[in-house]
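For reference, run_35.cif is printed below; it contains mmCIF, C-alpha atoms and all ligand atoms.
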data_data
loop_
_atom_site.label_atom_id
_atom_site.label_comp_id
_atom_site.auth_asym_id
_atom_site.auth_seq_id
_atom_site.Cartn_x
_atom_site.Cartn_y
_atom_site.Cartn_z
CA MET A 146 -15.46 48.32 52.02
CA MET A 147 -18.65 50.07 53.14
CA ARG A 148 -20.86 47.90 55.34
CA LYS A 149 -24.24 49.37 56.27
CA PRO A 150 -24.66 49.34 60.06
CA PHE A 151 -27.13 46.74 61.26
CA VAL A 152 -28.98 46.64 64.58
CA ALA A 153 -31.41 43.88 65.53
CA GLY A 154 -33.55 43.60 68.65
CA ASN A 155 -33.98 40.09 70.03
CA TRP A 156 -37.11 40.22 72.16
CA LYS A 157 -36.59 36.64 73.40
CA MET A 158 -39.68 35.22 75.21
CA TYR A 159 -41.11 38.61 76.08
CA LYS A 160 -44.19 40.49 74.85
CA THR A 161 -47.70 39.25 74.21
CA VAL A 162 -49.33 40.31 70.96
CA ALA A 163 -50.90 43.34 72.64
CA GLU A 164 -47.59 44.32 74.26
CA ALA A 165 -45.74 43.82 70.98
CA ARG A 166 -48.20 46.11 69.18
CA HIS A 167 -47.64 48.76 71.81
CA LEU A 168 -43.83 48.53 71.68
CA ILE A 169 -43.82 48.65 67.87
CA SER A 170 -46.05 51.72 67.85
CA GLU A 171 -43.50 53.42 70.12
CA LEU A 172 -40.53 52.28 68.04
CA VAL A 173 -41.67 53.02 64.49
CA PRO A 174 -41.51 56.85 64.43
CA GLY A 175 -38.04 56.99 66.00
CA LEU A 176 -36.54 54.13 64.01
CA GLN A 177 -37.94 55.21 60.65
CA ALA A 178 -36.14 58.51 60.93
CA ILE A 179 -32.77 56.70 60.97
CA ASP A 180 -32.01 55.79 57.34
CA ALA A 181 -28.34 54.96 57.69
CA VAL A 182 -28.95 51.75 59.68
CA GLU A 183 -30.59 48.44 58.73
CA LYS A 184 -33.02 47.87 61.61
CA VAL A 185 -34.65 44.60 62.52
CA LEU A 186 -37.13 43.58 65.24
CA CYS A 187 -37.34 39.93 66.30
CA PRO A 188 -40.47 39.36 68.41
CA PRO A 189 -41.70 35.91 69.49
CA PHE A 190 -43.45 33.79 66.83
CA THR A 191 -46.92 34.60 68.18
CA ALA A 192 -46.45 38.32 67.57
CA LEU A 193 -44.96 38.05 64.05
CA LEU A 194 -48.25 38.38 62.18
CA ALA A 195 -49.28 41.52 64.05
CA ALA A 196 -45.75 42.91 63.79
CA ALA A 197 -45.63 42.30 60.02
CA ALA A 198 -48.85 44.29 59.58
CA LEU A 199 -47.56 47.19 61.69
CA LEU A 200 -44.18 47.30 59.93
CA GLU A 201 -45.59 47.14 56.41
CA GLY A 202 -44.54 50.19 54.44
CA THR A 203 -41.75 51.06 56.90
CA ASP A 204 -38.05 50.38 56.37
CA ILE A 205 -37.92 48.33 59.59
CA GLY A 206 -37.30 44.64 59.00
CA LEU A 207 -38.91 41.75 60.82
CA GLY A 208 -37.08 38.65 62.00
CA ALA A 209 -37.86 35.39 63.78
CA GLN A 210 -35.75 34.07 66.64
CA ASN A 211 -35.43 30.50 65.40
CA MET A 212 -36.82 28.04 62.85
CA HIS A 213 -36.64 24.40 61.80
CA TRP A 214 -34.64 23.45 58.71
CA GLU A 215 -37.28 21.23 57.06
CA LEU A 216 -39.83 22.90 54.78
CA SER A 217 -42.74 21.02 56.39
CA GLY A 218 -43.39 17.76 58.22
CA ALA A 219 -44.33 15.99 61.41
CA TYR A 220 -42.31 18.19 63.79
CA THR A 221 -44.74 19.18 66.51
CA GLY A 222 -44.09 22.62 67.90
CA GLU A 223 -41.68 23.67 65.16
CA ILE A 224 -41.96 26.46 62.57
CA SER A 225 -40.60 26.03 59.04
CA PRO A 226 -38.51 28.38 56.88
CA VAL A 227 -41.45 28.70 54.46
CA MET A 228 -43.69 29.90 57.29
CA ILE A 229 -41.08 32.37 58.48
CA ALA A 230 -40.49 33.67 54.95
CA GLU A 231 -44.20 34.51 54.60
CA LEU A 232 -43.79 37.17 57.29
CA CYS A 233 -40.09 37.91 57.78
CA ARG A 234 -36.89 38.77 55.92
CA TYR A 235 -34.56 37.77 58.75
CA VAL A 236 -34.08 34.92 61.20
CA ILE A 237 -31.73 34.54 64.18
CA ILE A 238 -29.92 31.21 64.03
CA GLY A 239 -27.85 29.51 66.72
CA HIS A 240 -28.43 31.96 69.57
CA SER A 241 -26.51 30.75 72.63
CA GLU A 242 -29.79 30.25 74.52
CA ARG A 243 -30.84 27.82 71.75
CA ARG A 244 -27.46 26.08 71.95
CA THR A 245 -27.52 25.90 75.77
CA TYR A 246 -31.15 25.04 76.51
CA PHE A 247 -32.41 23.38 73.32
CA GLY A 248 -29.50 21.28 72.17
CA GLU A 249 -28.56 23.22 69.05
CA THR A 250 -25.26 22.15 67.57
CA ASP A 251 -23.00 23.45 64.83
CA ASP A 252 -24.68 20.88 62.58
CA THR A 253 -28.25 22.06 63.26
CA VAL A 254 -27.07 25.66 62.91
CA ASN A 255 -25.63 24.80 59.51
CA ARG A 256 -28.85 23.11 58.36
CA LYS A 257 -30.89 26.09 59.47
CA VAL A 258 -28.59 28.59 57.78
CA GLN A 259 -28.76 26.61 54.53
CA ALA A 260 -32.56 26.41 54.77
CA ALA A 261 -32.91 30.12 55.56
CA LEU A 262 -30.79 31.15 52.57
CA ALA A 263 -32.74 28.79 50.31
CA GLN A 264 -35.93 30.67 51.27
CA GLY A 265 -34.34 34.06 50.66
CA LEU A 266 -34.16 34.84 54.38
CA THR A 267 -31.15 36.66 55.86
CA PRO A 268 -29.84 34.57 58.75
CA ILE A 269 -28.25 36.34 61.71
CA VAL A 270 -25.82 33.62 62.75
CA CYS A 271 -24.77 33.76 66.40
CA VAL A 272 -21.41 32.54 67.67
CA GLY A 273 -19.56 33.01 70.95
CA GLU A 274 -17.66 31.26 73.69
CA THR A 275 -18.87 30.44 77.21
CA LEU A 276 -17.22 31.86 80.33
CA GLU A 277 -15.53 28.52 80.94
CA GLU A 278 -14.15 28.40 77.40
CA ASN A 279 -13.04 32.01 77.66
CA GLU A 280 -11.20 31.39 80.93
CA ALA A 281 -9.58 28.28 79.49
CA GLY A 282 -8.17 30.35 76.61
CA GLN A 283 -10.37 28.57 74.05
CA THR A 284 -12.14 31.59 72.54
CA ALA A 285 -10.31 31.45 69.20
CA ASP A 286 -10.86 27.71 68.77
CA VAL A 287 -14.54 27.79 69.74
CA VAL A 288 -15.51 30.83 67.68
CA ALA A 289 -13.54 29.66 64.63
CA ARG A 290 -15.20 26.24 64.84
CA GLN A 291 -18.69 27.72 65.18
CA VAL A 292 -18.19 29.99 62.16
CA ARG A 293 -16.51 27.29 60.06
CA LEU A 294 -19.07 24.56 60.76
CA GLY A 295 -22.12 26.81 60.96
CA LEU A 296 -21.38 28.29 57.54
CA SER A 297 -19.94 25.24 55.80
CA GLY A 298 -21.09 24.17 52.35
CA LEU A 299 -22.34 27.66 51.47
CA SER A 300 -19.65 29.03 49.18
CA GLY A 301 -21.74 28.51 45.99
CA VAL A 302 -24.82 30.13 47.52
CA ILE A 303 -22.90 33.11 48.89
CA GLU A 304 -21.03 33.59 45.62
CA GLN A 305 -24.44 34.08 43.99
CA ALA A 306 -26.19 35.94 46.81
CA GLY A 307 -23.29 38.15 47.95
CA ALA A 308 -21.84 39.18 51.30
CA GLY A 309 -25.10 40.81 52.39
CA ALA A 310 -26.96 37.50 52.35
CA PHE A 311 -26.12 36.74 55.96
CA VAL A 312 -24.96 38.50 59.12
CA VAL A 313 -22.75 37.13 61.91
CA ALA A 314 -23.27 38.13 65.55
CA TYR A 315 -20.37 37.65 67.95
CA GLU A 316 -22.03 37.14 71.32
CA PRO A 317 -19.76 35.95 74.12
CA VAL A 318 -22.13 33.87 76.28
CA TRP A 319 -20.76 35.39 79.50
CA ALA A 320 -21.84 38.84 78.31
CA ILE A 321 -25.44 37.99 77.36
CA GLY A 322 -28.01 39.29 79.81
CA THR A 323 -25.38 39.69 82.52
CA GLY A 324 -24.83 43.45 82.44
CA ARG A 325 -21.14 42.58 81.94
CA PRO A 326 -20.37 43.37 78.28
CA SER A 327 -17.11 42.54 76.57
CA THR A 328 -14.82 45.50 76.05
CA ALA A 329 -15.26 47.02 72.61
CA GLN A 330 -11.58 46.37 71.86
CA GLY A 331 -11.85 42.75 72.98
CA ALA A 332 -14.88 42.13 70.78
CA ALA A 333 -13.25 43.88 67.80
CA LYS A 334 -10.14 41.70 68.23
CA VAL A 335 -12.24 38.51 68.00
CA VAL A 336 -13.93 39.83 64.85
CA ARG A 337 -10.64 40.93 63.26
CA GLU A 338 -8.45 38.00 64.26
CA ILE A 339 -10.91 35.10 64.27
CA ILE A 340 -14.23 35.73 62.53
CA ARG A 341 -13.13 37.61 59.40
CA PRO A 342 -10.17 35.31 58.71
CA VAL A 343 -12.48 32.25 58.86
CA LEU A 344 -14.99 34.05 56.61
CA ALA A 345 -12.11 34.71 54.19
CA GLU A 346 -11.12 31.05 54.29
CA LEU A 347 -14.72 30.04 53.48
CA PHE A 348 -15.76 32.72 50.99
CA GLY A 349 -12.65 34.66 49.94
CA ASP A 350 -11.27 37.99 51.10
CA MET A 351 -13.67 40.28 49.24
CA THR A 352 -16.76 38.61 50.66
CA ALA A 353 -15.27 38.42 54.16
CA GLN A 354 -14.77 42.19 54.07
CA GLY A 355 -18.39 42.71 53.02
CA VAL A 356 -20.12 40.60 55.69
CA ARG A 357 -21.67 42.56 58.56
CA VAL A 358 -20.40 41.29 61.92
CA LEU A 359 -22.33 42.47 64.99
CA TYR A 360 -21.49 42.44 68.66
CA GLY A 361 -24.05 41.23 71.19
CA GLY A 362 -23.97 40.98 74.98
CA SER A 363 -25.33 43.62 77.38
CA VAL A 364 -25.35 46.41 74.79
CA ASN A 365 -27.25 49.44 76.05
CA ALA A 366 -27.72 53.09 75.20
CA LYS A 367 -24.68 54.05 77.32
CA ASN A 368 -22.10 51.65 75.88
CA ALA A 369 -23.32 51.17 72.28
CA ALA A 370 -21.24 53.98 70.76
CA GLU A 371 -18.02 52.43 72.08
CA PHE A 372 -18.72 49.23 70.16
CA PHE A 373 -19.74 51.08 67.01
CA ALA A 374 -16.56 53.15 67.13
CA GLU A 375 -14.63 49.96 66.35
CA ALA A 376 -14.20 49.64 62.57
CA GLU A 377 -14.66 45.87 62.74
CA ILE A 378 -18.03 46.02 64.53
CA ASP A 379 -20.90 46.74 62.15
CA GLY A 380 -23.76 46.90 64.61
CA ALA A 381 -25.38 45.01 67.45
CA LEU A 382 -27.73 42.24 68.37
CA VAL A 383 -29.54 43.65 71.38
CA GLY A 384 -31.56 41.64 73.90
CA GLY A 385 -32.81 43.32 77.09
CA ALA A 386 -32.34 46.90 75.89
CA SER A 387 -34.42 46.21 72.76
CA LEU A 388 -37.53 45.92 74.94
CA LYS A 389 -37.39 49.61 75.87
CA ALA A 390 -38.38 51.83 72.95
CA ALA A 391 -36.39 54.95 73.84
CA GLU A 392 -33.25 52.96 74.64
CA PHE A 393 -33.38 50.86 71.47
CA ILE A 394 -33.87 53.99 69.35
CA GLN A 395 -30.81 55.55 71.04
CA ILE A 396 -28.75 52.44 70.22
CA VAL A 397 -29.80 52.61 66.57
CA GLN A 398 -28.95 56.33 66.54
CA ALA A 399 -25.50 55.50 67.90
CA ALA A 400 -25.02 53.02 65.03
CA ALA A 401 -25.87 55.76 62.53
CA GLY A 402 -22.84 57.66 63.88
C1 LIG A 501 -29.12 38.58 73.01
O1 LIG A 501 -30.19 38.12 73.40
O2 LIG A 501 -28.68 38.25 71.91
C2 LIG A 501 -28.40 39.53 73.85
C3 LIG A 501 -27.26 40.00 73.46
O3 LIG A 501 -29.00 39.84 75.08
P1 LIG A 501 -28.59 41.10 76.05
O4 LIG A 501 -28.46 42.31 75.14
O5 LIG A 501 -29.73 41.20 76.99
O6 LIG A 501 -27.30 40.75 76.67
#
Show me, as structure tokens, the structure contained in the file I just sent.
Amino acid sequence: MMRKPFVAGNWKMYKTVAEARHLISELVPGLQAIDAVEKVLCPPFTALLAAAALLEGTDIGLGAQNMHWELSGAYTGEISPVMIAELCRYVIIGHSERRTYFGETDDTVNRKVQAALAQGLTPIVCVGETLEENEAGQTADVVARQVRLGLSGLSGVIEQAGAGAFVVAYEPVWAIGTGRPSTAQGAAKVVREIIRPVLAELFGDMTAQGVRVLYGGSVNAKNAAEFFAEAEIDGALVGGASLKAAEFIQIVQAAAG
């Protein structure tokens, strides 16, 4: 099953509008030349409007880093799926920083994924175990639970929309922003032995083989190719290294093979 490589940059809470404009102007020429990869930039909410204008007419997608699940309402400080869908095609859901600092649960992840799909957005659904869970030998249980609950109740939608309608990112929490990535083999094993089997349980074998599963956690220009050499790993969700134009372009080039 051919799965188009996918690389997304999660800018987190970095870049003002002016800084975002500058970074995008540096990224566009290099990224546009790489056809073989689906490329997505996820700036902060405040820079989305400017980013959408700069990316118009390119093949570089725009994503948000979070959203609420309700379409509108009295939710001060929140942004709705309708608002995101005006500007973006993608949205990151359930990033570990959201789970750790903002109380996101498998239930809120599931609501957000359902809401994103209903608006025609492609959710990038993040899963991954903490260091404590990893050391306690709980990786399989935690990751399987996050995939199962985060993607529950979606079989009808995915049957219609197809395996490309969402992306999963395996991001072990201990590897995010630490400069201590997982080994490529270790990450591939989690994808092969835990994530795809749960996807098969939820959506059937064919769909499970078609879903792009990314690795995230301290990916940089030096180590990216090792991850992409693993057949099970279809790309990367990149944090810190996505803020440097030349490095992010090199990562996307590595994904093109
Ligand atoms: C992330 O934010 O999803 C991430 C993987 O961060 P970093 O690449 O900085 O580890």
Which chains and residue numbers are within 8 Å of ligand LIG 501 (chain A), counting only C-alpha atoms and all ligand atoms, if I want them as an MDAnalysis selection string?
chainID A and resid 154:157 240:242 316 320:324 326 360:365 382:387
Using only C-alpha atoms, find all polymer residues with an atom at most 12 Å away from the point (-28.0, 28.7, 61.2); report them as a ChimeraX atom specification.
/A:210-214,226,235-241,243-244,249-263,266-272,291-297,299,311-314
For Thr284 (chain A), which residue out of A:Glu377, A:Glu338, A:Glu183, A:Glu201 is the nearest one, using all atoms listed in the file?
A:Glu338
Just give me the gap between CA of Val358 (chain A) and CA of Arg166 (chain A) in Å, one decimal is fine.
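Computed distance, CA of Val358 (chain A) to CA of Arg166 (chain A), equals 29.1 Å.
What separates CA of Leu359 (chain A) from CA of Pro189 (chain A) is a distance of 20.9 Å.
Pairwise distance (CA of Leu186 (chain A), CA of Leu207 (chain A)) equals 5.1 Å.
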Residue nearest Arg234 (chain A) among A:Leu344, A:Val302, A:Ala381, A:Ala310 (counting only C-alpha atoms):
A:Ala310
Around the point (-13.3, 34.2, 51.1), in the coordinates given by the file, pick out the residues reaching within 12 Å, counting all atoms listed in the file, and return them as a ChimeraX atom specification.
/A:293,296,299-301,303-304,307-308,340-356
For each of A:Pro188, A:Gly380, A:Gly265, A:Gly218, take the minimum atom-to-atom distance to Glu231 (chain A), counting only C-alpha atoms, then give the residue where this is smallest.
A:Gly265
Nearest to Val318 (chain A) by atom-to-atom distance, counting only C-alpha atoms, from A:Thr275, A:Gln398, A:Asn368, A:Gln305
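Closest to Val318 (chain A), using only C-alpha atoms: A:Thr275.
Within 7 Å of Ala192 (chain A), once all atoms listed in the file are used and residues closer than 4 positions along the same chain are dropped, the contacting residues are Thr161, Val162, Ala165, Pro188 and Ala196 of chain A.
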What lies within 10 Å of Ala374 (chain A) using all atoms listed in the file, ignoring chain neighbours under 2 positions off, as a CSV table (one decimal) with C-alpha atoms, in the frame of the given file?
chain,number,residue,atom,x,y,z
A,329,ALA,CA,-15.3,47.0,72.6
A,330,GLN,CA,-11.6,46.4,71.9
A,333,ALA,CA,-13.2,43.9,67.8
A,369,ALA,CA,-23.3,51.2,72.3
A,370,ALA,CA,-21.2,54.0,70.8
A,371,GLU,CA,-18.0,52.4,72.1
A,372,PHE,CA,-18.7,49.2,70.2
A,376,ALA,CA,-14.2,49.6,62.6
A,377,GLU,CA,-14.7,45.9,62.7
A,378,ILE,CA,-18.0,46.0,64.5
A,379,ASP,CA,-20.9,46.7,62.2
A,380,GLY,CA,-23.8,46.9,64.6
A,399,ALA,CA,-25.5,55.5,67.9
A,400,ALA,CA,-25.0,53.0,65.0
A,402,GLY,CA,-22.8,57.7,63.9
I need the residue nearest Val185 (chain A) from this list: A:Met228, A:Ala198, A:Val397, A:Val288. Use all atoms listed in the file for the distance.
A:Val397
Rebuild region 349-368 of chain A so that it carries N, CA and C atoms, then output the result as a short mmCIF file (atom, residue, chain, number, x, y, z; two decimals), in the frame of the given file.
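What ended up in part.cif:
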data_model
loop_
_atom_site.label_atom_id
_atom_site.label_comp_id
_atom_site.auth_asym_id
_atom_site.auth_seq_id
_atom_site.Cartn_x
_atom_site.Cartn_y
_atom_site.Cartn_z
N GLY A 349 -13.58 33.73 50.61
CA GLY A 349 -12.65 34.66 49.94
C GLY A 349 -12.63 36.00 50.65
N ASP A 350 -11.53 36.73 50.40
CA ASP A 350 -11.27 37.99 51.10
C ASP A 350 -12.34 39.06 50.87
N MET A 351 -12.71 39.21 49.61
CA MET A 351 -13.67 40.28 49.24
C MET A 351 -14.98 40.09 50.00
N THR A 352 -15.49 38.87 49.97
CA THR A 352 -16.76 38.61 50.66
C THR A 352 -16.60 38.80 52.16
N ALA A 353 -15.49 38.30 52.70
CA ALA A 353 -15.27 38.42 54.16
C ALA A 353 -15.30 39.88 54.59
N GLN A 354 -14.79 40.76 53.73
CA GLN A 354 -14.77 42.19 54.07
C GLN A 354 -16.16 42.82 53.95
N GLY A 355 -17.05 42.15 53.23
CA GLY A 355 -18.39 42.71 53.02
C GLY A 355 -19.44 42.23 54.00
N VAL A 356 -19.13 41.18 54.76
CA VAL A 356 -20.12 40.60 55.69
C VAL A 356 -20.24 41.50 56.92
N ARG A 357 -21.48 41.82 57.32
CA ARG A 357 -21.67 42.56 58.56
C ARG A 357 -21.47 41.62 59.76
N VAL A 358 -20.62 42.05 60.69
CA VAL A 358 -20.40 41.29 61.92
C VAL A 358 -20.82 42.19 63.09
N LEU A 359 -21.77 41.70 63.87
CA LEU A 359 -22.33 42.47 64.99
C LEU A 359 -21.69 42.01 66.29
N TYR A 360 -21.80 42.86 67.29
CA TYR A 360 -21.49 42.44 68.66
C TYR A 360 -22.80 42.31 69.42
N GLY A 361 -22.90 41.33 70.31
CA GLY A 361 -24.05 41.23 71.19
C GLY A 361 -23.62 40.80 72.57
N GLY A 362 -24.30 41.33 73.59
CA GLY A 362 -23.97 40.98 74.98
C GLY A 362 -24.01 42.23 75.83
N SER A 363 -25.18 42.49 76.47
CA SER A 363 -25.33 43.62 77.38
C SER A 363 -25.06 44.97 76.72
N VAL A 364 -25.43 45.09 75.44
CA VAL A 364 -25.35 46.41 74.79
C VAL A 364 -26.50 47.25 75.32
N ASN A 365 -26.20 48.51 75.62
CA ASN A 365 -27.25 49.44 76.05
C ASN A 365 -26.98 50.82 75.47
N ALA A 366 -27.85 51.76 75.81
CA ALA A 366 -27.72 53.09 75.20
C ALA A 366 -26.42 53.78 75.64
N LYS A 367 -25.90 53.40 76.81
CA LYS A 367 -24.68 54.05 77.32
C LYS A 367 -23.42 53.53 76.65
N ASN A 368 -23.37 52.20 76.39
CA ASN A 368 -22.10 51.65 75.88
C ASN A 368 -22.09 51.42 74.37
#
